[in-house]
>>> print(open('structure.cif').read())   # mmCIF, C-alpha atoms
data_entry
loop_
_atom_site.label_atom_id
_atom_site.label_comp_id
_atom_site.auth_asym_id
_atom_site.auth_seq_id
_atom_site.Cartn_x
_atom_site.Cartn_y
_atom_site.Cartn_z
CA MET P 1 19.48 -8.91 -37.72
CA SER P 2 20.30 -11.90 -35.50
CA SER P 3 17.66 -13.83 -33.58
CA VAL P 4 19.19 -12.57 -30.31
CA SER P 5 18.90 -8.95 -31.44
CA LYS P 6 15.29 -9.52 -32.52
CA ARG P 7 14.53 -11.13 -29.17
CA ASN P 8 16.11 -8.23 -27.28
CA GLY P 9 14.25 -5.71 -29.43
CA LYS P 10 11.01 -7.56 -28.79
CA GLY P 11 11.77 -7.50 -25.06
CA PHE P 12 12.48 -3.76 -25.10
CA PHE P 13 9.30 -3.02 -27.05
CA SER P 14 7.03 -5.21 -24.91
CA GLY P 15 8.66 -3.86 -21.73
CA THR P 16 8.06 -0.27 -22.88
CA ILE P 17 4.40 -0.89 -23.77
CA ILE P 18 3.64 -2.75 -20.55
CA GLY P 19 5.55 -0.17 -18.50
CA ALA P 20 3.62 2.68 -20.13
CA LEU P 21 0.26 0.99 -19.50
CA GLY P 22 1.26 0.34 -15.90
CA GLY P 23 2.44 3.92 -15.49
CA LEU P 24 -0.89 5.24 -16.76
CA ILE P 25 -2.77 3.48 -13.95
CA GLY P 26 -0.05 3.68 -11.29
CA LEU P 27 1.05 0.02 -11.39
CA GLY P 28 4.21 -1.79 -12.44
CA GLY P 29 2.49 -3.94 -15.06
CA ALA P 30 4.09 -7.24 -13.98
CA GLU P 31 0.74 -9.04 -14.12
CA PHE P 32 0.64 -8.29 -17.87
CA ARG P 33 4.30 -9.22 -18.33
CA LEU P 34 3.96 -12.80 -17.05
CA PRO P 35 1.65 -14.03 -19.86
CA VAL P 36 3.94 -12.31 -22.41
CA LEU P 37 7.03 -14.10 -21.04
CA ILE P 38 5.27 -17.46 -21.25
CA ARG P 39 3.50 -17.02 -24.61
CA SER P 40 5.81 -14.75 -26.62
CA PHE P 41 9.20 -15.72 -25.18
CA LYS P 42 8.32 -19.40 -24.57
CA MET P 43 9.65 -19.45 -21.01
CA PRO P 44 8.64 -22.36 -18.76
CA THR P 45 6.23 -21.18 -16.06
CA LEU P 46 8.55 -21.21 -13.03
CA GLU P 47 11.38 -19.59 -15.02
CA ALA P 48 8.93 -16.88 -16.18
CA VAL P 49 7.83 -16.23 -12.59
CA ILE P 50 11.45 -15.87 -11.42
CA PHE P 51 12.32 -13.64 -14.39
CA ASN P 52 9.23 -11.53 -13.71
CA LYS P 53 10.11 -11.30 -10.01
CA ALA P 54 13.62 -10.03 -10.80
CA MET P 55 12.20 -7.45 -13.21
CA SER P 56 9.60 -6.32 -10.67
CA LEU P 57 12.35 -5.82 -8.10
CA ALA P 58 14.32 -3.57 -10.46
CA VAL P 59 11.27 -1.57 -11.57
CA VAL P 60 9.92 -1.09 -8.02
CA ALA P 61 13.33 0.03 -6.74
CA VAL P 62 13.46 2.70 -9.47
CA ALA P 63 9.82 3.68 -8.86
CA LEU P 64 10.44 4.10 -5.12
CA ILE P 65 13.35 6.45 -5.81
CA PHE P 66 11.26 8.62 -8.16
CA ARG P 67 8.25 8.46 -5.85
CA THR P 68 10.16 10.15 -3.01
CA LYS P 69 10.22 13.32 -5.15
CA SER P 70 6.43 13.63 -5.00
CA ILE P 71 5.98 12.26 -1.47
CA SER P 72 8.87 12.79 0.93
CA LEU P 73 10.12 10.32 3.53
CA ASP P 74 8.89 12.70 6.24
CA GLN P 75 5.33 12.04 5.04
CA LEU P 76 5.85 8.28 5.01
CA ILE P 77 7.52 7.78 8.40
CA PRO P 78 4.35 8.50 10.47
CA HIS P 79 2.67 5.63 8.62
CA LEU P 80 5.36 3.00 9.20
CA ASP P 81 2.94 1.10 11.44
CA ILE P 82 0.86 0.29 8.34
CA VAL P 83 3.96 -0.94 6.52
CA ILE P 84 5.01 -3.14 9.45
CA ASN P 85 1.47 -4.48 9.92
CA LEU P 86 1.16 -5.66 6.30
CA LEU P 87 4.79 -6.86 6.14
CA ALA P 88 4.14 -9.13 9.11
CA GLY P 89 1.90 -11.18 6.84
CA SER P 90 3.39 -10.57 3.38
CA LEU P 91 6.92 -11.72 4.26
CA ILE P 92 5.61 -15.04 5.60
CA GLY P 93 3.28 -15.46 2.62
CA ALA P 94 6.02 -14.74 0.08
CA TRP P 95 8.52 -17.12 1.70
CA TRP P 96 5.98 -19.95 1.95
CA ALA P 97 4.54 -19.52 -1.56
CA ALA P 98 7.93 -19.35 -3.28
CA GLY P 99 8.97 -22.55 -1.50
CA ARG P 100 5.79 -24.30 -2.66
CA ALA P 101 6.16 -23.04 -6.23
CA ILE P 102 9.63 -24.60 -6.54
CA LYS P 103 8.27 -28.06 -5.63
CA MET P 104 4.98 -27.79 -7.50
CA SER P 105 4.31 -29.48 -10.84
CA ARG P 106 3.99 -27.16 -13.82
CA ILE P 107 0.35 -28.16 -14.35
CA TRP P 108 -0.65 -27.14 -10.83
CA LEU P 109 1.48 -24.00 -10.95
CA ASP P 110 -0.25 -23.03 -14.22
CA ARG P 111 -3.68 -23.63 -12.72
CA ILE P 112 -2.98 -21.57 -9.62
CA ILE P 113 -1.46 -18.72 -11.67
CA LEU P 114 -4.51 -18.74 -13.96
CA ILE P 115 -6.83 -18.40 -10.95
CA LEU P 116 -4.73 -15.57 -9.47
CA LEU P 117 -4.52 -13.66 -12.77
CA VAL P 118 -8.29 -13.96 -13.25
CA LEU P 119 -8.72 -12.73 -9.67
CA LEU P 120 -6.44 -9.75 -10.35
CA SER P 121 -8.38 -8.90 -13.50
CA PHE P 122 -11.60 -8.73 -11.47
CA VAL P 123 -9.82 -6.64 -8.83
CA MET P 124 -8.80 -4.20 -11.55
CA LEU P 125 -12.34 -4.09 -12.93
CA SER P 126 -13.78 -3.42 -9.46
CA GLU P 127 -11.15 -0.74 -8.75
CA ALA P 128 -12.14 0.98 -11.99
CA TRP P 129 -15.62 1.65 -10.65
CA MET P 130 -14.96 1.78 -6.91
CA PRO P 131 -14.39 5.39 -5.76
CA LEU P 132 -11.26 4.83 -3.61
CA HIS P 133 -10.58 8.57 -3.52
CA SER P 134 -13.81 9.12 -1.57
CA ILE P 135 -13.02 6.58 1.15
CA SER P 136 -12.08 8.11 4.49
CA GLY P 137 -11.45 6.44 7.82
CA GLY P 138 -10.41 2.83 8.39
CA LEU P 139 -12.66 -0.18 7.86
CA PHE P 140 -12.69 -1.13 11.57
CA GLN P 141 -13.05 0.95 14.71
CA SER P 142 -10.99 -1.53 16.73
CA SER P 143 -7.22 -1.32 16.32
CA VAL P 144 -6.90 -5.04 17.14
CA ALA P 145 -9.28 -5.98 14.31
CA THR P 146 -7.33 -3.72 11.95
CA ILE P 147 -4.01 -5.31 12.88
CA ILE P 148 -5.32 -8.86 12.49
CA SER P 149 -6.93 -7.98 9.15
CA GLY P 150 -3.67 -6.34 8.04
CA VAL P 151 -1.64 -9.47 8.77
CA ILE P 152 -4.14 -11.74 6.99
CA SER P 153 -4.32 -9.39 3.99
CA GLY P 154 -0.54 -9.16 3.88
CA LEU P 155 -0.25 -12.96 3.97
CA PHE P 156 -2.49 -13.32 0.92
CA ILE P 157 -0.75 -10.48 -0.94
CA GLY P 158 2.66 -12.03 -0.24
CA ILE P 159 1.48 -15.35 -1.68
CA VAL P 160 0.15 -13.67 -4.83
CA ALA P 161 3.34 -11.60 -5.24
CA ALA P 162 5.58 -14.68 -4.94
CA LEU P 163 3.55 -16.90 -7.28
CA LEU P 164 3.14 -14.29 -10.03
CA GLY P 165 6.41 -12.41 -9.61
CA VAL P 166 4.51 -9.15 -9.18
CA ALA P 167 4.92 -6.25 -6.76
CA GLY P 168 1.34 -6.58 -5.57
CA GLY P 169 0.41 -2.91 -5.84
CA GLU P 170 -2.96 -3.75 -7.40
CA LEU P 171 -3.87 -5.44 -4.11
CA LEU P 172 -1.83 -3.38 -1.66
CA ILE P 173 -3.15 0.06 -2.65
CA PRO P 174 -6.88 -0.72 -2.19
CA THR P 175 -6.05 -2.66 1.01
CA ILE P 176 -4.20 0.31 2.50
CA VAL P 177 -6.93 2.76 1.47
CA ILE P 178 -9.89 0.66 2.63
CA LEU P 179 -8.39 -0.97 5.72
CA PHE P 180 -6.43 1.99 7.09
CA GLY P 181 -8.29 4.92 5.50
CA THR P 182 -5.11 6.30 3.93
CA ASP P 183 -5.02 8.83 1.07
CA ILE P 184 -4.65 6.95 -2.24
CA LYS P 185 -1.54 8.89 -3.32
CA LEU P 186 0.17 8.12 -0.02
CA ALA P 187 -0.99 4.50 -0.29
CA GLY P 188 0.89 4.21 -3.59
CA SER P 189 4.20 5.06 -1.91
CA LEU P 190 3.49 2.89 1.14
CA SER P 191 2.71 -0.04 -1.17
CA LEU P 192 6.18 0.25 -2.72
CA MET P 193 7.76 0.18 0.76
CA ILE P 194 5.90 -3.08 1.42
CA SER P 195 6.46 -4.56 -2.04
CA LEU P 196 10.25 -4.23 -2.04
CA PRO P 197 11.07 -6.33 1.07
CA THR P 198 8.26 -8.78 0.20
CA MET P 199 9.74 -9.35 -3.25
CA ILE P 200 13.27 -9.66 -1.86
CA VAL P 201 12.12 -12.45 0.47
CA GLY P 202 10.35 -14.32 -2.32
CA PHE P 203 13.26 -13.76 -4.70
CA SER P 204 15.81 -15.06 -2.17
CA ARG P 205 13.71 -18.20 -1.78
CA TYR P 206 13.77 -18.79 -5.54
CA THR P 207 17.58 -18.75 -5.61
CA ASN P 208 17.44 -22.39 -4.45
CA ALA P 209 15.59 -23.46 -7.60
CA ASP P 210 17.29 -24.79 -10.74
CA ALA P 211 14.99 -22.48 -12.70
CA PHE P 212 16.90 -19.52 -11.23
CA GLN P 213 19.47 -20.06 -14.00
CA ILE P 214 17.05 -18.30 -16.36
CA LEU P 215 18.46 -14.96 -15.18
CA ARG P 216 21.94 -15.92 -16.34
CA LYS P 217 20.66 -17.49 -19.55
CA GLU P 218 18.46 -14.50 -20.45
CA LYS P 219 20.70 -11.75 -19.05
CA SER P 220 20.62 -9.70 -22.26
CA LEU P 221 16.82 -9.93 -22.57
CA PHE P 222 16.48 -8.95 -18.91
CA VAL P 223 18.53 -5.77 -19.35
CA TRP P 224 16.61 -4.70 -22.46
CA MET P 225 13.22 -5.47 -20.95
CA VAL P 226 13.98 -3.64 -17.69
CA THR P 227 15.22 -0.63 -19.67
CA GLY P 228 12.03 -0.63 -21.72
CA SER P 229 9.88 -1.01 -18.61
CA VAL P 230 11.50 1.95 -16.84
CA ILE P 231 11.21 4.15 -19.95
CA GLY P 232 7.63 3.02 -20.46
CA ALA P 233 6.72 3.71 -16.84
CA ALA P 234 8.17 7.23 -17.17
CA ILE P 235 6.15 7.82 -20.34
CA GLY P 236 3.01 6.48 -18.67
CA GLY P 237 3.62 8.74 -15.69
CA LEU P 238 3.93 11.79 -17.95
CA LEU P 239 0.67 10.89 -19.72
CA LEU P 240 -1.13 10.32 -16.41
CA GLY P 241 -4.46 12.11 -16.37
CA MET P 242 -4.77 12.34 -20.15
CA PHE P 243 -7.05 9.31 -20.34
CA PRO P 244 -10.13 8.44 -18.22
CA ILE P 245 -8.85 6.12 -15.46
CA LYS P 246 -12.12 4.15 -15.34
CA VAL P 247 -11.93 3.36 -19.04
CA LEU P 248 -8.23 2.40 -18.81
CA MET P 249 -8.70 0.15 -15.77
CA THR P 250 -11.71 -1.53 -17.37
CA LEU P 251 -9.86 -2.09 -20.64
CA LEU P 252 -6.73 -3.44 -18.95
CA GLY P 253 -8.80 -5.65 -16.65
CA VAL P 254 -10.45 -7.24 -19.68
CA ILE P 255 -7.09 -7.59 -21.48
CA LEU P 256 -5.57 -9.30 -18.44
CA LEU P 257 -8.52 -11.68 -18.19
CA ILE P 258 -8.32 -12.66 -21.88
CA SER P 259 -4.52 -13.02 -21.92
CA ALA P 260 -4.56 -15.15 -18.75
CA ILE P 261 -7.13 -17.55 -20.16
CA LYS P 262 -5.35 -17.78 -23.54
CA THR P 263 -1.95 -18.33 -21.91
CA PHE P 264 -3.07 -21.07 -19.53
CA LYS P 265 -5.96 -22.66 -21.42
CA HIS P 266 -3.92 -25.86 -21.78
CA THR P 267 -4.33 -26.46 -18.02
CA ARG P 268 -7.91 -27.58 -18.64
CA LYS P 269 -6.70 -30.37 -20.92
CA ASN P 270 -4.47 -31.97 -18.29
#
>>> encode(input="structure.cif", output="structure tokens")
Amino acid sequence: MSSVSKRNGKGFFSGTIIGALGGLIGLGGAEFRLPVLIRSFKMPTLEAVIFNKAMSLAVVAVALIFRTKSISLDQLIPHLDIVINLLAGSLIGAWWAAGRAIKMSRIWLDRIILILLVLLSFVMLSEAWMPLHSISGGLFQSSVATIISGVISGLFIGIVAALLGVAGGELLIPTIVILFGTDIKLAGSLSLMISLPTMIVGFSRYTNADAFQILRKEKSLFVWMVTGSVIGAAIGGLLLGMFPIKVLMTLLGVILLISAIKTFKHTRKN
């Protein structure tokens, strides 16, 4: 078997596993994919972010199509104000962060990504034990305060999404539930509606970078990894409910924390 075939097989396998784990907890799994791209496939950081962003776009687009079967567009349209509110911040954040990432040194990009991945791991750990399903009603009584908070939250989520190449569902879903008092299942679909345009903006910004050539260079790996991710996500979705969500979220939060530190531990030496 050639090295290219082995690499593609490795990409398909890792994509399937990560997709399945993400499907089990209702996420795309891109936060787990980034350390794998850097450590296992030896991609430079910015190239890995761009590759991860392109994969997230493909996976989210597929997920949004399948999601409409469980929650129709008629259910989503009355909540478009939430989507617009968060997009007002996330689009700006994604555009700005992607532009900064292109000009940033690898050492600083590594350091920032390490901090964000550690932050996401703690978010996952807190979500594991925070009863989002029991939350009802928005965080603020004032609509003005809610709108301002939505824009600020969206700005931060857009920055995280652009710098990590993720969809941002791990941040968007709790934000929508807590800030707007939305049902968690509905929040999952709304988060995809926000993620897609946010990722497109960040992705379009990255097209100006030399590192964007990674998608042409690793075209075969990309196809195999996306295929594995979609299959894995479908498997994870079918197995949903078979495992205790608190245990899964806790385990994956710890795995993300360890993998982030191992992947970017060299940043402390520079």
>>> resolve_selection(input="structure.cif", expression="the PyMOL selection byres ((chain P and resi 186) around 12)", output="VMD selection string")
chain P and resid 67 to 68 70 to 80 82 to 83 133 172 to 174 176 to 177 180 to 185 187 to 193
>>> resolve_selection(input="structure.cif", expression="the PyMOL selection byres ((chain P and resi 22) around 10)", output="PyMOL selection string")
chain P and resi 16-21+23-32+229+232-237+249+252
>>> residues_around(input="structure.cif", residues="Lys10 (chain P)", least_positions_apart="3", cutoff="9 Å", atoms="all atoms listed in the file", output="VMD selection string")
chain P and resid 5 to 7 13 to 15 221 224 to 225
>>> closest_residue(input="structure.cif", among="P:Ala101, P:Ile84, P:Leu238, P:Val254", to="Leu164 (chain P)", atoms="all atoms listed in the file")
P:Ala101
>>> closest_residue(input="structure.cif", among="P:Leu109, P:Met242, P:Ala88, P:Val118", to="Gly154 (chain P)", atoms="only C-alpha atoms")
P:Ala88
>>> resolve_selection(input="structure.cif", expression="the PyMOL selection byres ((chain P and resi 117) around 9)", output="PyMOL selection string")
chain P and resi 31+112-116+118-122+164+256-257+260-261
>>> residues_around(input="structure.cif", residues="Phe41 (chain P)", least_positions_apart="4", cutoff="9 Å", atoms="all atoms listed in the file", output="list of chain:residue names")
P:Arg7, P:Gly11, P:Val36, P:Leu37
>>> residues_around(input="structure.cif", residues="region 143-145 of chain P", least_positions_apart="5", cutoff="12 Å", atoms="all atoms listed in the file", output="PDB file with C-alpha atoms, in the coordinates of the input")
ATOM      1  CA  ASP P  81       2.940   1.100  11.440  1.00  0.00           C
ATOM      2  CA  ILE P  82       0.860   0.290   8.340  1.00  0.00           C
ATOM      3  CA  ASN P  85       1.470  -4.480   9.920  1.00  0.00           C
ATOM      4  CA  GLY P 138     -10.410   2.830   8.390  1.00  0.00           C
ATOM      5  CA  GLY P 150      -3.670  -6.340   8.040  1.00  0.00           C
ATOM      6  CA  VAL P 151      -1.640  -9.470   8.770  1.00  0.00           C
ATOM      7  CA  ILE P 152      -4.140 -11.740   6.990  1.00  0.00           C
ATOM      8  CA  SER P 153      -4.320  -9.390   3.990  1.00  0.00           C
ATOM      9  CA  LEU P 179      -8.390  -0.970   5.720  1.00  0.00           C
ATOM     10  CA  PHE P 180      -6.430   1.990   7.090  1.00  0.00           C
TER      11      PHE P 180
END
>>> atom_distance(input="structure.cif", atom1="CA of Gly158 (chain P)", atom2="CA of Glu127 (chain P)")
19.8 Å
>>> atom_distance(input="structure.cif", atom1="CA of Ala128 (chain P)", atom2="CA of Ala48 (chain P)")
27.9 Å
>>> closest_residue(input="structure.cif", among="P:Met43, P:Leu239, P:Ala162, P:Ile200", to="Trp96 (chain P)", atoms="only C-alpha atoms")
P:Ala162
>>> atom_distance(input="structure.cif", atom1="CA of Tyr206 (chain P)", atom2="CA of Ile102 (chain P)")
7.2 Å
>>> closest_residue(input="structure.cif", among="P:Leu251, P:Leu34, P:Leu215, P:Ile178", to="Leu139 (chain P)", atoms="all atoms listed in the file")
P:Ile178
